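> Dumping the structure here so I can ask a few things about it.
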Amino acid sequence: MSSLAPVLRLNFRANSFSLWLQYGDFVEIGADSDNLYLCLSPKCLIVEEVLFMTLIHDFETGYAQSLVGAPETRLTSLDNGLRVASEETGHGTCTVGLWISAGSRYESEKNNGAGFFLEHMAFKGTKKHPQTALEQQVESMGAHLSAYTSREHTAYYMKTMAKDLPKAVELLSEVVQNCSLSEAEIEQQRGVVLRELEEVESNLQDVCLDLLHATAFQGTPLGHSVMGPSDNARTLTRQDLVEYVNSHYKAPRMVLAAAGGVNHDELVSLAKTHFSGVSFEYEGDAVPVLSPCRFTGSEIRMRDDALPLAHVAIAVEGASAASPDIVPLMVANSIIGSFDLTFGGGKHLSSRLARLAAEENLCHSFQAFHSSYSDTGLLGIYFVADKNCIDDMMHWSQNAWMNLCTTVTESDVARGKNALKASLVGQLNGTTPICDDIGRHILNYGRRIPLAEWDARIDAVTPRMVRDICSKYIYDKCPAVAGVGPIEQLPDYNRMRSAMYWLRF
């Protein structure tokens, strides 16, 4: 076979894959988890072109139809300021939940961890339903009741049958407004929280990223961990939890969101019935105002040579959730991409950093991330590597950043935009992710940004825009660095700082 013979990459998931089985003039030259690579004979070229154009046309048509056909998100505000938002999809199931602007950023050093402790207390009974009765109610509906706490948001949500929406809203209102908070349950959950704090220390990714926040936002509330220190878990009292609820669980900071087989008018009626009594007033008009969280270029190292792998994160200050710069930075992160040893693909991976990682054995995995908050963010790369590869992986990670600032190409941006679009659509693969998306969007933006708008904003990104925005946030900026494990080879901070710019003439 001539070395000039064309090569076609064929995706296993493509509907037209079976067409190629009719033609024998090809040789398989490689494969990865999703693709087959074929070396074609000249007489297959016409078929290749027709098939390729068919696949592209089918994808573009299906994607465009999915954007146009996306259900509308309806939004209504109650008299007390609580907002009700829903997306009706006609499914037999639905997810409904309450999203609240409260999290570890709203805590002080004294009560850090109160929000996480409350999350544990939520399902231990209410004034109307003891724990056993509450669990029986949820199980009899075949529902799933859950909650999570982050740095700026707290959520309580339930996935259930669409016909059980009224009962689900009633139970959620009980959990949020009338949690019993008995002294006996608090003491029992104190032990549970302390065990979770011990267990989380074995999740080195969480440890590394918590340390990154602690050093990047040192001396500010964003430096707090969501779970809080163990000392606080031992000393938090019932009064601390009651004060936290009274200070932050206010109607204007709440969103009742639902997705699936829900009727918006019915949901608004249920909200008026169960949430009209939620207070919108603060004691003494003491409305909590978030203090600005300054970013500090710095490092924190937790060396432990007994661990098998090093976990390292490097980040600069990123854009806030509502910043217009957020989309170009999302495209930039998609260009860098992610990698894991289990991916396969090797030199055929589209991300340059992923190809290097695979071919040179630079790391076990890496991912580009952007954690955005109401007024700031963290834009970074997290990787897991062997102790002898840390220096090389850090060099190429920072090199990928410099390429974004200086030499990113049209093809890089086109690939990044396609990957980002696929990611945004793929994340909304059920009523629970959609409901979570609605709740967070209403809190962050005051509205649900539809996929069609995201698509238009992504399409508007150009290589020049990526270079300019990345230069604004990355080029010649002081990074924050966190390392955990056998990190003797992690470069000196001044050396990493000097790699944040190139000498160009």
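Convention: chains lettered A, B, ... in structure tokens order; per-chain residue numbering from 1; ligands numbered from 1 as shown.
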Which residues of segment 206-258 of chain A come within 8 Å of segment 111-118 of chain A, and what is each one's closest atom pair and distance in Å (one decimal), counting only C-alpha atoms, sorted by chain and residue number, as a tab-separated table?


residue	atom	partner	partner_atom	distance
A:His224	CA	A:Asn112	CA	7.0
A:Ser225	CA	A:Gly113	CA	7.7
A:Val226	CA	A:Gly113	CA	6.1
A:Met227	CA	A:Gly113	CA	4.9
A:Gly228	CA	A:Gly113	CA	4.0
A:Pro229	CA	A:Gly113	CA	7.1
A:Asn232	CA	A:Asn111	CA	6.6
A:Ala233	CA	A:Gly113	CA	6.9
A:Leu236	CA	A:Asn111	CA	6.9
A:Asp240	CA	A:Asn111	CA	7.0
A:Leu241	CA	A:Ala114	CA	6.2
A:Tyr244	CA	A:Ala114	CA	7.2

> Within 9 Å of Arg151 of chain A, counting only C-alpha atoms, which residues qualify if same-chain residues fewer than 3 places away don't, as a VMD selection string?

chain A and resid 102 to 106 154 221 to 222 224 to 226 373

> Would you kindly return, as number ranges by chain, each protein, DNA or RNA residue with an atom no farther than 12 Å from any atom of Asp164 of chain A, considering only C-alpha atoms and excluding same-chain residues fewer than 4 positions away?

A: 92-96, 137-138, 140-143, 158-160, 168-171, 261-262, 267

> Using Å and a single decimal, report how far atom CA of Cys478 of chain A sits from atom CA of Ala216 of chain A.

10.1 Å

> Rounded to one decimal place, report the atom CA of Gln177 of chain A-atom CA of Glu88 of chain A distance in Å.

26.4 Å

> Within 8 Å of Gly81 of chain A, counting only C-alpha atoms, which residues show up once you throw out same-chain ones fewer than 5 positions away? Write them as a ChimeraX atom specification, please.

/A:251-253,280

> Okay, now the selection with N, CA, C and O atoms, as a CSV table (one decimal), in the first residue's frame?


chain,number,residue,atom,x,y,z
A,251,ALA,N,-36.3,34.0,50.8
A,251,ALA,CA,-37.1,33.8,49.5
A,251,ALA,C,-36.4,34.4,48.3
A,251,ALA,O,-36.3,33.7,47.2
A,252,PRO,N,-35.9,35.6,48.3
A,252,PRO,CA,-35.2,36.1,47.1
A,252,PRO,C,-34.0,35.4,46.7
A,252,PRO,O,-33.5,35.5,45.5
A,253,ARG,N,-33.4,34.6,47.6
A,253,ARG,CA,-32.2,33.8,47.3
A,253,ARG,C,-32.5,32.3,46.9
A,253,ARG,O,-31.7,31.5,46.9
A,280,PHE,N,-38.6,37.1,53.5
A,280,PHE,CA,-37.8,37.9,52.6
A,280,PHE,C,-37.1,39.0,53.4
A,280,PHE,O,-36.4,39.8,52.7

> Residues of segment 77-177 of chain A in alpha helix (DSSP H) according to DSSP, as number ranges by chain?

A: 114-121, 131-140, 165-177

> Take the residues from that selection and write them out as a PDB file, in the first residue's frame, keeping N, CA and C atoms.


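In the end it all went to part_27.pdb:
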ATOM      1  N   ALA A 114     -21.119  24.754  58.307  1.00  0.00           N
ATOM      2  CA  ALA A 114     -22.512  24.735  58.763  1.00  0.00           C
ATOM      3  C   ALA A 114     -23.455  24.299  57.647  1.00  0.00           C
ATOM      4  N   GLY A 115     -23.223  24.791  56.431  1.00  0.00           N
ATOM      5  CA  GLY A 115     -24.078  24.414  55.309  1.00  0.00           C
ATOM      6  C   GLY A 115     -24.012  22.929  55.017  1.00  0.00           C
ATOM      7  N   PHE A 116     -22.809  22.363  55.063  1.00  0.00           N
ATOM      8  CA  PHE A 116     -22.643  20.925  54.829  1.00  0.00           C
ATOM      9  C   PHE A 116     -23.295  20.120  55.949  1.00  0.00           C
ATOM     10  N   PHE A 117     -23.175  20.596  57.200  1.00  0.00           N
ATOM     11  CA  PHE A 117     -23.800  19.920  58.343  1.00  0.00           C
ATOM     12  C   PHE A 117     -25.320  19.943  58.177  1.00  0.00           C
ATOM     13  N   LEU A 118     -25.861  21.083  57.742  1.00  0.00           N
ATOM     14  CA  LEU A 118     -27.311  21.183  57.531  1.00  0.00           C
ATOM     15  C   LEU A 118     -27.798  20.210  56.467  1.00  0.00           C
ATOM     16  N   GLU A 119     -26.990  20.028  55.428  1.00  0.00           N
ATOM     17  CA  GLU A 119     -27.345  19.084  54.364  1.00  0.00           C
ATOM     18  C   GLU A 119     -27.559  17.687  54.960  1.00  0.00           C
ATOM     19  N   HIS A 120     -26.724  17.313  55.938  1.00  0.00           N
ATOM     20  CA  HIS A 120     -26.877  16.009  56.587  1.00  0.00           C
ATOM     21  C   HIS A 120     -28.125  15.963  57.471  1.00  0.00           C
ATOM     22  N   MET A 121     -28.458  17.101  58.059  1.00  0.00           N
ATOM     23  CA  MET A 121     -29.614  17.144  58.959  1.00  0.00           C
ATOM     24  C   MET A 121     -30.936  17.169  58.204  1.00  0.00           C
ATOM     25  N   GLN A 131     -38.099  11.118  61.064  1.00  0.00           N
ATOM     26  CA  GLN A 131     -37.222  10.534  60.050  1.00  0.00           C
ATOM     27  C   GLN A 131     -37.833   9.291  59.405  1.00  0.00           C
ATOM     28  N   THR A 132     -38.366   8.388  60.202  1.00  0.00           N
ATOM     29  CA  THR A 132     -38.949   7.157  59.654  1.00  0.00           C
ATOM     30  C   THR A 132     -40.117   7.456  58.723  1.00  0.00           C
ATOM     31  N   ALA A 133     -40.998   8.368  59.142  1.00  0.00           N
ATOM     32  CA  ALA A 133     -42.153   8.726  58.319  1.00  0.00           C
ATOM     33  C   ALA A 133     -41.706   9.391  57.023  1.00  0.00           C
ATOM     34  N   LEU A 134     -40.673  10.255  57.106  1.00  0.00           N
ATOM     35  CA  LEU A 134     -40.174  10.938  55.906  1.00  0.00           C
ATOM     36  C   LEU A 134     -39.597   9.930  54.916  1.00  0.00           C
ATOM     37  N   GLU A 135     -38.817   8.990  55.419  1.00  0.00           N
ATOM     38  CA  GLU A 135     -38.235   7.972  54.542  1.00  0.00           C
ATOM     39  C   GLU A 135     -39.314   7.096  53.923  1.00  0.00           C
ATOM     40  N   GLN A 136     -40.353   6.751  54.700  1.00  0.00           N
ATOM     41  CA  GLN A 136     -41.448   5.932  54.161  1.00  0.00           C
ATOM     42  C   GLN A 136     -42.201   6.667  53.069  1.00  0.00           C
ATOM     43  N   GLN A 137     -42.419   7.978  53.280  1.00  0.00           N
ATOM     44  CA  GLN A 137     -43.113   8.789  52.269  1.00  0.00           C
ATOM     45  C   GLN A 137     -42.339   8.769  50.954  1.00  0.00           C
ATOM     46  N   VAL A 138     -41.019   8.980  51.027  1.00  0.00           N
ATOM     47  CA  VAL A 138     -40.193   9.035  49.817  1.00  0.00           C
ATOM     48  C   VAL A 138     -40.157   7.667  49.138  1.00  0.00           C
ATOM     49  N   GLU A 139     -39.969   6.607  49.920  1.00  0.00           N
ATOM     50  CA  GLU A 139     -39.878   5.269  49.339  1.00  0.00           C
ATOM     51  C   GLU A 139     -41.207   4.822  48.741  1.00  0.00           C
ATOM     52  N   SER A 140     -42.315   5.200  49.347  1.00  0.00           N
ATOM     53  CA  SER A 140     -43.621   4.803  48.816  1.00  0.00           C
ATOM     54  C   SER A 140     -43.897   5.439  47.459  1.00  0.00           C
ATOM     55  N   LEU A 165     -45.673  15.056  41.728  1.00  0.00           N
ATOM     56  CA  LEU A 165     -45.066  16.383  41.896  1.00  0.00           C
ATOM     57  C   LEU A 165     -45.614  17.127  43.114  1.00  0.00           C
ATOM     58  N   PRO A 166     -46.946  17.169  43.343  1.00  0.00           N
ATOM     59  CA  PRO A 166     -47.453  17.906  44.519  1.00  0.00           C
ATOM     60  C   PRO A 166     -46.862  17.403  45.832  1.00  0.00           C
ATOM     61  N   LYS A 167     -46.771  16.091  45.988  1.00  0.00           N
ATOM     62  CA  LYS A 167     -46.221  15.532  47.226  1.00  0.00           C
ATOM     63  C   LYS A 167     -44.733  15.849  47.353  1.00  0.00           C
ATOM     64  N   ALA A 168     -44.028  15.812  46.231  1.00  0.00           N
ATOM     65  CA  ALA A 168     -42.598  16.109  46.255  1.00  0.00           C
ATOM     66  C   ALA A 168     -42.344  17.542  46.703  1.00  0.00           C
ATOM     67  N   VAL A 169     -43.116  18.493  46.182  1.00  0.00           N
ATOM     68  CA  VAL A 169     -42.952  19.900  46.573  1.00  0.00           C
ATOM     69  C   VAL A 169     -43.277  20.078  48.054  1.00  0.00           C
ATOM     70  N   GLU A 170     -44.314  19.390  48.522  1.00  0.00           N
ATOM     71  CA  GLU A 170     -44.673  19.487  49.942  1.00  0.00           C
ATOM     72  C   GLU A 170     -43.536  18.987  50.838  1.00  0.00           C
ATOM     73  N   LEU A 171     -42.950  17.836  50.486  1.00  0.00           N
ATOM     74  CA  LEU A 171     -41.861  17.279  51.289  1.00  0.00           C
ATOM     75  C   LEU A 171     -40.626  18.178  51.252  1.00  0.00           C
ATOM     76  N   LEU A 172     -40.318  18.745  50.089  1.00  0.00           N
ATOM     77  CA  LEU A 172     -39.174  19.647  49.988  1.00  0.00           C
ATOM     78  C   LEU A 172     -39.371  20.881  50.855  1.00  0.00           C
ATOM     79  N   SER A 173     -40.592  21.412  50.862  1.00  0.00           N
ATOM     80  CA  SER A 173     -40.855  22.595  51.684  1.00  0.00           C
ATOM     81  C   SER A 173     -40.689  22.272  53.165  1.00  0.00           C
ATOM     82  N   GLU A 174     -41.099  21.068  53.558  1.00  0.00           N
ATOM     83  CA  GLU A 174     -40.931  20.639  54.947  1.00  0.00           C
ATOM     84  C   GLU A 174     -39.454  20.518  55.306  1.00  0.00           C
ATOM     85  N   VAL A 175     -38.690  19.892  54.410  1.00  0.00           N
ATOM     86  CA  VAL A 175     -37.266  19.658  54.662  1.00  0.00           C
ATOM     87  C   VAL A 175     -36.519  20.975  54.824  1.00  0.00           C
ATOM     88  N   VAL A 176     -36.832  21.958  53.980  1.00  0.00           N
ATOM     89  CA  VAL A 176     -36.095  23.225  53.991  1.00  0.00           C
ATOM     90  C   VAL A 176     -36.578  24.162  55.102  1.00  0.00           C
ATOM     91  N   GLN A 177     -37.891  24.205  55.330  1.00  0.00           N
ATOM     92  CA  GLN A 177     -38.429  25.194  56.268  1.00  0.00           C
ATOM     93  C   GLN A 177     -38.597  24.678  57.694  1.00  0.00           C
TER      94      GLN A 177
END

> Pull the strand (DSSP E or B) assignments for segment 72-216 of chain A out of DSSP run on the backbone, and list those residues as number ranges by chain.

A: 73-77, 83-88, 93-100, 125-126, 130, 144-149, 154-161, 179

> How close does segment 303-328 of chain A get to segment 392-402 of chain A? List, as JSON lines, each residue of segment 303-328 of chain A within 10 Å, its nearest atom pair and the distance in Å to one decimal, counting only C-alpha atoms.


{"residue": "A:Val312", "atom": "CA", "partner": "A:Met394", "partner_atom": "CA", "distance": 8.7}
{"residue": "A:Ala313", "atom": "CA", "partner": "A:Met394", "partner_atom": "CA", "distance": 9.3}
{"residue": "A:Ile314", "atom": "CA", "partner": "A:Met394", "partner_atom": "CA", "distance": 8.6}

> Report as a PyMOL selection string all protein, DNA and RNA residues lying within 9 Å of Leu256 of chain A, evaluated on only C-alpha atoms, omitting residues in the same chain fewer than 6 positions from it.

chain A and resi 82-86+96-100+169+267+271+439

> Could you please determine the separation between atom CA of His370 of chain A and atom CA of Val316 of chain A in Å, to one decimal place?

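Going from atom CA of His370 of chain A over to atom CA of Val316 of chain A, I get 9.7 Å.
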